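Q: Below is the structure I would like to discuss, written out as structure tokens.
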Amino acid sequence: MNESCFKSNLWLLVAGVFGSIALTLWSLHIDPVINNDGVHYILTAEYIASGQWQEAFQTFKWPAYSALVYLVQLVTGTEFKTSAHIVTTIGFGLLVFAFLAVTHTLGARGRVLWYALITILIYPGINEFRSFLIRDSLYLACYMFAIWNLLLYATTRRGLPLISALVLLLLASLFRVEAALLVFIFPIIYIYRRVDRGRRGGVLFAYLCLAILALGVFYGWWIYQPDGDQSRWVILSRPFEVLSLAGSQVWIEIQKNVQFVQTNRLNDGSYILSWILMVVTVFWIVIKETAEAITAPFLILLIYAWRHRQVIPTQVPGVRRVFTIILSLQLIVLLTFVSIKFFIASRYPIALSLTLILAVPFTIEHLLHAKGKTAKVWKTFLIRSSVVLLLLVNAVEGLDSFSHKKYLQVAGSWARENIEDNARIISNDPKFLFYANRYRDYRVLIADPGQFATWLNTNLWQWKDYVFVYLTKHDNELREIVEKSLDQEPIKIFAGDRGDELRVYYTADD
């Protein structure tokens, strides 16, 4: 912890702790319904608690978060869901401290540190997920502390912060794989320190090409099964075979994306033009999702900071270099992932956006308390009012995520009260199964939409007593399959306020 940051700012520390906890409690109040991944985390923690490690790994491939949930449950005696919220809250609290430590290293003092606290507390990219059971909170905290240590290394040239940054990134990789990929930063730092300026450009270009190739193969190994149903960890016994297969799988997926663009965007146009459009689309997806993760108000402030390059006061040359490397690697990781999967979840660019919004506190200070020529009163008032309005918009945006899924909680309670424990059921929604207390049986869930549709079409539902179908208002294709395959009216419908619903079909008599 950056002791000097908090030693003379005790109230800053207190405000950070209570502010983060208060935001989490509010988020849980307006959205108490568990998220899909949270169901898997709790089940994994229960397996760990009972010593069923094999089942834990099969349930979810990231057991570190669930292991912490189990440890908190062991200490506090609370139920696993509450323990998971405690772990997540601690993670977001640590992220607040890490954000403050980084801004302090960049030159924030006094009032700017308070602006940094406001920035991280009202950031919607975090607050929208505070009610979730999510491992990203711990990943982001470790990631931000790693940045802090890299900046300390840039300013002091001591080896300990560099080692600490490596340890923190490896620790963060226990929660998200992206952190392990960011370890590529350390050879770049070595190149900047040891390679002559004249040769540096060529060496960096060759290294980045090698890094992109390695990232692609790694994603292929991680995302896809390396050899049918065998574990991905056969890489330990057959590394060259597995990596070769992973590289082939990545190339196949990229070609599928190119063919998709060629067929759907160009109407069977030029193959070369399809490649160009695919690359443009990948960049557009990453830029669009990152901008949305930053949010419009903070993006406006960042554009101002970019146009006024002296907003951040630090004068250490190595700091700018570290940030350039971090942002470049984050961008490369996202681009590589999107090139393979052709999509990106809304929370994936948050680490990149958090790195960018480190400039926001300094921009707020610059706009609200700029020194220089005396401006007109009305102009000063307009600027300050605009900044306050932007901050208020962001605060509201992150704290108005009222739940629209409470009907699933009601449906689960109904199922517990009205359906026998030994009834054969099936559903495509893990949240409902959690509240129905049936989430421990892997045979009752088919979460993949394609697999669930195939299951319905093959009439396997006839072997079940109840079929619980979750439908959004946009699931027209699945709705048609359900109505055609089951060919009966549901015995009960639990409807949400956005057009989605959970249908209950009784199929035991068929």
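Convention: chains lettered A, B, ... in structure tokens order; per-chain residue numbering from 1; ligands numbered from 1 as shown.
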Neighbouring residues of A:Ile90 were defined as those with any atom within 10 Å, considering only C-alpha atoms; residues of the same chain fewer than 4 positions away were excluded. Please report them as a list in words.

A: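 Residues near the query, excluding close chain neighbours: Val17, Ser20, Ile21, Ala84, His85, Ile86, Leu94, Leu95, Val96, Ser137, Leu138 and Ala141 of chain A.
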
Q: Could you dump the residues just selected with N, CA and C atoms as a compact mmCIF listing (two decimals), in the first residue's frame?

A:
```txt
# COMPACT_ATOMS: atom_id res chain seq x y z
N VAL A 17 -13.57 3.44 2.33
CA VAL A 17 -14.11 2.19 2.88
C VAL A 17 -15.63 2.25 2.95
N SER A 20 -17.46 2.69 -0.53
CA SER A 20 -17.53 1.46 -1.34
C SER A 20 -18.55 0.48 -0.77
N ILE A 21 -18.56 0.34 0.57
CA ILE A 21 -19.52 -0.58 1.20
C ILE A 21 -20.95 -0.07 0.99
N ALA A 84 -19.86 -14.79 -0.63
CA ALA A 84 -19.41 -14.36 -1.95
C ALA A 84 -19.55 -12.84 -2.10
N HIS A 85 -20.63 -12.28 -1.58
CA HIS A 85 -20.79 -10.83 -1.63
C HIS A 85 -19.71 -10.13 -0.79
N ILE A 86 -19.32 -10.74 0.31
CA ILE A 86 -18.25 -10.16 1.14
C ILE A 86 -16.94 -10.13 0.37
N LEU A 94 -10.63 -2.80 -2.32
CA LEU A 94 -9.19 -2.77 -2.63
C LEU A 94 -8.94 -2.02 -3.93
N LEU A 95 -9.85 -2.15 -4.88
CA LEU A 95 -9.71 -1.42 -6.14
C LEU A 95 -9.74 0.08 -5.90
N VAL A 96 -10.59 0.54 -5.00
CA VAL A 96 -10.65 1.96 -4.66
C VAL A 96 -9.31 2.44 -4.14
N SER A 137 -13.74 -8.22 -9.62
CA SER A 137 -13.37 -7.23 -8.61
C SER A 137 -11.96 -7.49 -8.09
N LEU A 138 -11.64 -8.74 -7.85
CA LEU A 138 -10.30 -9.10 -7.36
C LEU A 138 -9.26 -8.97 -8.47
N ALA A 141 -8.55 -5.23 -8.88
CA ALA A 141 -7.77 -4.70 -7.75
C ALA A 141 -6.30 -5.08 -7.90
```

Q: Which polymer residues have any atom within 8 Å of an atom of A:Asp429, counting only C-alpha atoms, with same-chain residues fewer than 6 positions away left out, as a ChimeraX atom specification?

A: /A:36,445-447,469-470

Q: Please produce a file of those selected residues containing N, CA and C atoms, as a compact mmCIF listing (two decimals), in the first residue's frame.

A:
```txt
# COMPACT_ATOMS: atom_id res chain seq x y z
N ASN A 36 -25.92 -15.24 -13.33
CA ASN A 36 -25.71 -16.62 -13.78
C ASN A 36 -24.39 -17.20 -13.30
N LEU A 445 -30.10 -28.50 -16.04
CA LEU A 445 -29.80 -27.22 -16.71
C LEU A 445 -29.22 -27.45 -18.10
N ILE A 446 -29.80 -26.78 -19.09
CA ILE A 446 -29.22 -26.69 -20.43
C ILE A 446 -29.18 -25.20 -20.77
N ALA A 447 -28.08 -24.56 -20.44
CA ALA A 447 -27.99 -23.10 -20.56
C ALA A 447 -27.74 -22.64 -21.99
N VAL A 469 -39.05 -22.80 -19.00
CA VAL A 469 -38.41 -22.14 -20.14
C VAL A 469 -38.32 -20.64 -19.89
N TYR A 470 -37.08 -20.13 -19.89
CA TYR A 470 -36.85 -18.69 -19.77
C TYR A 470 -36.79 -18.10 -21.17
```

Q: Contacts of stretch 22-27 of chain A at 7 Å or less, counting only C-alpha atoms, minus same-chain residues fewer than 3 places along, as an NGL selection string?

A: :A and (18-19 or 30-31 or 89 or 130-131 or 399)

Q: Considering only C-alpha atoms, can you say which of A:Phe60, A:Phe283, A:Phe362, A:Phe205 comes closest to A:Tyr47?

A: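 Closest candidate: A:Phe60.
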
Q: Please identify every residue of stretch 344-368 of chain A that has at least one atom no farther than 12 Å from an atom of stretch 388-391 of chain A, counting only C-alpha atoms, and for each give the shortest atom pair and the distance in Å to one decimal, arranged by chain then increasing number, as a tab-separated table.

A:
```
residue	atom	partner	partner_atom	distance
A:Val360	CA	A:Leu391	CA	10.5
A:Pro361	CA	A:Leu391	CA	11.0
A:Ile364	CA	A:Val388	CA	9.1
A:Glu365	CA	A:Val388	CA	11.7
A:Leu367	CA	A:Val388	CA	10.4
A:Leu368	CA	A:Val388	CA	9.3
```

Q: Could you take the residues named above and write them with N, CA and C atoms, as an mmCIF file, in the first residue's frame?

A:
```
data_model
loop_
_atom_site.group_PDB
_atom_site.id
_atom_site.type_symbol
_atom_site.label_atom_id
_atom_site.label_comp_id
_atom_site.auth_asym_id
_atom_site.auth_seq_id
_atom_site.Cartn_x
_atom_site.Cartn_y
_atom_site.Cartn_z
ATOM 1 N N VAL A 360 -8.963 11.428 -15.235
ATOM 2 C CA VAL A 360 -10.174 12.193 -14.922
ATOM 3 C C VAL A 360 -10.014 13.091 -13.695
ATOM 4 N N PRO A 361 -9.461 12.595 -12.559
ATOM 5 C CA PRO A 361 -9.338 13.481 -11.385
ATOM 6 C C PRO A 361 -8.529 14.740 -11.668
ATOM 7 N N ILE A 364 -10.675 17.130 -13.736
ATOM 8 C CA ILE A 364 -11.647 17.827 -12.891
ATOM 9 C C ILE A 364 -10.987 18.988 -12.160
ATOM 10 N N GLU A 365 -9.819 18.746 -11.600
ATOM 11 C CA GLU A 365 -9.071 19.794 -10.899
ATOM 12 C C GLU A 365 -8.738 20.940 -11.850
ATOM 13 N N LEU A 367 -10.275 21.850 -14.586
ATOM 14 C CA LEU A 367 -11.450 22.600 -15.023
ATOM 15 C C LEU A 367 -12.077 23.420 -13.901
ATOM 16 N N LEU A 368 -12.063 22.874 -12.705
ATOM 17 C CA LEU A 368 -12.720 23.561 -11.591
ATOM 18 C C LEU A 368 -11.836 24.605 -10.919
#
```

Q: Pick out the closest residue to A:His366 from this set: A:Tyr143, A:Tyr115, A:Phe129, A:Tyr123. Count only C-alpha atoms.

A: A:Tyr115

Q: Have a look at A:Tyr207, A:Tyr139, A:Tyr190, A:Phe99 and name the one nearest to A:Leu121; count only C-alpha atoms.

A: A:Phe99

Q: Counting only C-alpha atoms, what is within 12 Å of A:Thr336, bar same-chain residues fewer than 4 positions away, as a PyMOL selection string?

A: chain A and resi 178+181+209+211-220+250-251+253-254+279+282-283+285-286+329-332+340-344

Q: Write out the residues from the selection above, keeping N, CA and C atoms, as a PDB file, in the first residue's frame.

A:
```
ATOM      1  N   GLU A 178      -6.585 -12.679 -18.635  1.00  0.00           N
ATOM      2  CA  GLU A 178      -5.948 -11.532 -19.273  1.00  0.00           C
ATOM      3  C   GLU A 178      -4.728 -11.053 -18.504  1.00  0.00           C
ATOM      4  N   LEU A 181      -1.606 -12.683 -19.541  1.00  0.00           N
ATOM      5  CA  LEU A 181      -1.140 -12.220 -20.844  1.00  0.00           C
ATOM      6  C   LEU A 181      -0.411 -10.886 -20.746  1.00  0.00           C
ATOM      7  N   CYS A 209       4.925  -8.769 -32.715  1.00  0.00           N
ATOM      8  CA  CYS A 209       4.405  -9.797 -33.630  1.00  0.00           C
ATOM      9  C   CYS A 209       4.442 -11.167 -32.957  1.00  0.00           C
ATOM     10  N   ALA A 211       4.409 -11.654 -29.728  1.00  0.00           N
ATOM     11  CA  ALA A 211       3.434 -11.621 -28.635  1.00  0.00           C
ATOM     12  C   ALA A 211       2.023 -11.882 -29.153  1.00  0.00           C
ATOM     13  N   ILE A 212       1.670 -11.269 -30.298  1.00  0.00           N
ATOM     14  CA  ILE A 212       0.337 -11.485 -30.879  1.00  0.00           C
ATOM     15  C   ILE A 212       0.150 -12.949 -31.252  1.00  0.00           C
ATOM     16  N   LEU A 213       1.181 -13.555 -31.846  1.00  0.00           N
ATOM     17  CA  LEU A 213       1.112 -14.977 -32.192  1.00  0.00           C
ATOM     18  C   LEU A 213       0.944 -15.828 -30.944  1.00  0.00           C
ATOM     19  N   ALA A 214       1.705 -15.521 -29.905  1.00  0.00           N
ATOM     20  CA  ALA A 214       1.614 -16.279 -28.652  1.00  0.00           C
ATOM     21  C   ALA A 214       0.248 -16.106 -28.002  1.00  0.00           C
ATOM     22  N   LEU A 215      -0.284 -14.871 -28.032  1.00  0.00           N
ATOM     23  CA  LEU A 215      -1.607 -14.618 -27.462  1.00  0.00           C
ATOM     24  C   LEU A 215      -2.677 -15.423 -28.196  1.00  0.00           C
ATOM     25  N   GLY A 216      -2.577 -15.447 -29.527  1.00  0.00           N
ATOM     26  CA  GLY A 216      -3.552 -16.198 -30.310  1.00  0.00           C
ATOM     27  C   GLY A 216      -3.528 -17.679 -29.986  1.00  0.00           C
ATOM     28  N   VAL A 217      -2.335 -18.253 -29.905  1.00  0.00           N
ATOM     29  CA  VAL A 217      -2.215 -19.678 -29.574  1.00  0.00           C
ATOM     30  C   VAL A 217      -2.712 -19.936 -28.154  1.00  0.00           C
ATOM     31  N   PHE A 218      -2.377 -19.022 -27.238  1.00  0.00           N
ATOM     32  CA  PHE A 218      -2.842 -19.186 -25.855  1.00  0.00           C
ATOM     33  C   PHE A 218      -4.363 -19.185 -25.785  1.00  0.00           C
ATOM     34  N   TYR A 219      -4.991 -18.220 -26.468  1.00  0.00           N
ATOM     35  CA  TYR A 219      -6.459 -18.173 -26.475  1.00  0.00           C
ATOM     36  C   TYR A 219      -7.033 -19.452 -27.083  1.00  0.00           C
ATOM     37  N   GLY A 220      -6.392 -19.937 -28.136  1.00  0.00           N
ATOM     38  CA  GLY A 220      -6.869 -21.178 -28.742  1.00  0.00           C
ATOM     39  C   GLY A 220      -6.804 -22.335 -27.777  1.00  0.00           C
ATOM     40  N   VAL A 250      -7.471 -21.612 -33.798  1.00  0.00           N
ATOM     41  CA  VAL A 250      -7.573 -20.157 -33.898  1.00  0.00           C
ATOM     42  C   VAL A 250      -7.702 -19.732 -35.365  1.00  0.00           C
ATOM     43  N   TRP A 251      -6.879 -20.301 -36.217  1.00  0.00           N
ATOM     44  CA  TRP A 251      -6.917 -19.949 -37.641  1.00  0.00           C
ATOM     45  C   TRP A 251      -8.265 -20.307 -38.264  1.00  0.00           C
ATOM     46  N   GLU A 253     -11.153 -20.430 -36.650  1.00  0.00           N
ATOM     47  CA  GLU A 253     -12.144 -19.486 -36.149  1.00  0.00           C
ATOM     48  C   GLU A 253     -12.034 -18.132 -36.849  1.00  0.00           C
ATOM     49  N   ILE A 254     -10.807 -17.667 -37.082  1.00  0.00           N
ATOM     50  CA  ILE A 254     -10.623 -16.388 -37.771  1.00  0.00           C
ATOM     51  C   ILE A 254     -11.160 -16.477 -39.196  1.00  0.00           C
ATOM     52  N   VAL A 279     -11.007  -6.932 -40.196  1.00  0.00           N
ATOM     53  CA  VAL A 279     -10.065  -6.224 -39.322  1.00  0.00           C
ATOM     54  C   VAL A 279     -10.685  -4.916 -38.838  1.00  0.00           C
ATOM     55  N   VAL A 282     -13.285  -5.688 -36.208  1.00  0.00           N
ATOM     56  CA  VAL A 282     -12.668  -6.042 -34.925  1.00  0.00           C
ATOM     57  C   VAL A 282     -12.247  -4.785 -34.172  1.00  0.00           C
ATOM     58  N   PHE A 283     -11.585  -3.868 -34.868  1.00  0.00           N
ATOM     59  CA  PHE A 283     -11.191  -2.611 -34.223  1.00  0.00           C
ATOM     60  C   PHE A 283     -12.416  -1.823 -33.764  1.00  0.00           C
ATOM     61  N   ILE A 285     -15.388  -2.970 -32.889  1.00  0.00           N
ATOM     62  CA  ILE A 285     -15.991  -3.615 -31.713  1.00  0.00           C
ATOM     63  C   ILE A 285     -15.235  -3.224 -30.456  1.00  0.00           C
ATOM     64  N   VAL A 286     -13.904  -3.289 -30.507  1.00  0.00           N
ATOM     65  CA  VAL A 286     -13.085  -2.975 -29.327  1.00  0.00           C
ATOM     66  C   VAL A 286     -13.228  -1.503 -28.947  1.00  0.00           C
ATOM     67  N   LEU A 329      -0.701  -3.093 -24.711  1.00  0.00           N
ATOM     68  CA  LEU A 329      -0.910  -4.515 -24.467  1.00  0.00           C
ATOM     69  C   LEU A 329      -2.374  -4.835 -24.197  1.00  0.00           C
ATOM     70  N   GLN A 330      -3.041  -3.968 -23.433  1.00  0.00           N
ATOM     71  CA  GLN A 330      -4.467  -4.160 -23.197  1.00  0.00           C
ATOM     72  C   GLN A 330      -5.226  -4.173 -24.518  1.00  0.00           C
ATOM     73  N   LEU A 331      -4.882  -3.261 -25.404  1.00  0.00           N
ATOM     74  CA  LEU A 331      -5.541  -3.187 -26.704  1.00  0.00           C
ATOM     75  C   LEU A 331      -5.247  -4.428 -27.540  1.00  0.00           C
ATOM     76  N   ILE A 332      -4.000  -4.891 -27.513  1.00  0.00           N
ATOM     77  CA  ILE A 332      -3.637  -6.088 -28.273  1.00  0.00           C
ATOM     78  C   ILE A 332      -4.386  -7.310 -27.759  1.00  0.00           C
ATOM     79  N   ILE A 340     -10.797 -13.720 -32.623  1.00  0.00           N
ATOM     80  CA  ILE A 340     -11.116 -15.142 -32.536  1.00  0.00           C
ATOM     81  C   ILE A 340     -12.604 -15.358 -32.290  1.00  0.00           C
ATOM     82  N   LYS A 341     -13.144 -14.662 -31.306  1.00  0.00           N
ATOM     83  CA  LYS A 341     -14.527 -14.901 -30.883  1.00  0.00           C
ATOM     84  C   LYS A 341     -15.545 -13.990 -31.574  1.00  0.00           C
ATOM     85  N   PHE A 342     -15.087 -12.858 -32.124  1.00  0.00           N
ATOM     86  CA  PHE A 342     -15.926 -11.906 -32.855  1.00  0.00           C
ATOM     87  C   PHE A 342     -17.012 -11.299 -31.968  1.00  0.00           C
ATOM     88  N   PHE A 343     -16.756 -11.216 -30.693  1.00  0.00           N
ATOM     89  CA  PHE A 343     -17.635 -10.511 -29.766  1.00  0.00           C
ATOM     90  C   PHE A 343     -16.807 -10.159 -28.539  1.00  0.00           C
ATOM     91  N   ILE A 344     -17.375  -9.294 -27.689  1.00  0.00           N
ATOM     92  CA  ILE A 344     -16.694  -8.957 -26.448  1.00  0.00           C
ATOM     93  C   ILE A 344     -17.748  -8.598 -25.412  1.00  0.00           C
TER      94      ILE A 344
END
```

Q: How many Å lie between atom CA of A:Ala291 and atom CA of A:Asn394, rounded to one decimal?

A: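 That distance, rounded to one decimal, is 13.7 Å.
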
Q: Please, which residues in stretch 71-186 of chain A fall within 10 Å of stretch 295-308 of chain A when counting only C-alpha atoms, and what is the closest atom pair and distance in Å to one decimal for each, ordered by chain then residue number, as CSV?

A:
```
residue,atom,partner,partner_atom,distance
A:Thr119,CA,A:Phe298,CA,9.0
A:Tyr123,CA,A:Thr295,CA,8.4
A:Pro124,CA,A:Thr295,CA,7.5
A:Gly125,CA,A:Thr295,CA,7.8
```

Q: Taking 4 positions as the minimum chain separation for residues in the same chain, which residues sit within 7 Å of A:Val258 when counting only C-alpha atoms? Answer as a list in words.

A: Ile254, Gln262, Ser274, Trp275 and Met278 of chain A

Q: Write out the residues from the selection above, keeping N, CA and C atoms, as a compact mmCIF listing (two decimals), in the first residue's frame.

A:
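Output below, filename part_17.txt:
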```
# COMPACT_ATOMS: atom_id res chain seq x y z
N ILE A 254 -10.81 -17.67 -37.08
CA ILE A 254 -10.62 -16.39 -37.77
C ILE A 254 -11.16 -16.48 -39.20
N GLN A 262 -17.82 -11.99 -45.33
CA GLN A 262 -17.96 -12.09 -46.78
C GLN A 262 -19.39 -12.41 -47.18
N SER A 274 -12.95 -8.86 -47.73
CA SER A 274 -13.55 -9.45 -46.53
C SER A 274 -12.58 -9.41 -45.36
N TRP A 275 -11.31 -9.69 -45.64
CA TRP A 275 -10.28 -9.63 -44.60
C TRP A 275 -10.15 -8.20 -44.06
N MET A 278 -13.12 -7.36 -42.01
CA MET A 278 -13.09 -8.09 -40.74
C MET A 278 -12.18 -7.39 -39.74
```

Q: Tell me which protein, DNA and RNA residues are within 10 Å of A:Pro449, counting only C-alpha atoms, leaving out same-chain ones fewer than 6 positions away, and put them as a VMD selection string.

A: chain A and resid 428 455 475 478

Q: What would the file look like if the residues just selected were written as a PDB file, in the first residue's frame with N, CA and C atoms?

A:
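Okay, again-v5.pdb is ready:
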```pdb
ATOM      1  N   ASN A 428     -33.567 -23.772 -18.759  1.00  0.00           N
ATOM      2  CA  ASN A 428     -32.445 -23.121 -19.444  1.00  0.00           C
ATOM      3  C   ASN A 428     -31.943 -21.903 -18.693  1.00  0.00           C
ATOM      4  N   TRP A 455     -32.542 -30.032 -27.830  1.00  0.00           N
ATOM      5  CA  TRP A 455     -33.139 -30.930 -26.830  1.00  0.00           C
ATOM      6  C   TRP A 455     -34.657 -30.941 -26.951  1.00  0.00           C
ATOM      7  N   ASP A 475     -36.545 -13.549 -27.997  1.00  0.00           N
ATOM      8  CA  ASP A 475     -36.329 -14.976 -28.295  1.00  0.00           C
ATOM      9  C   ASP A 475     -37.467 -15.543 -29.141  1.00  0.00           C
ATOM     10  N   LEU A 478     -36.713 -19.278 -30.344  1.00  0.00           N
ATOM     11  CA  LEU A 478     -36.867 -20.265 -29.276  1.00  0.00           C
ATOM     12  C   LEU A 478     -38.338 -20.375 -28.860  1.00  0.00           C
TER      13      LEU A 478
END
```
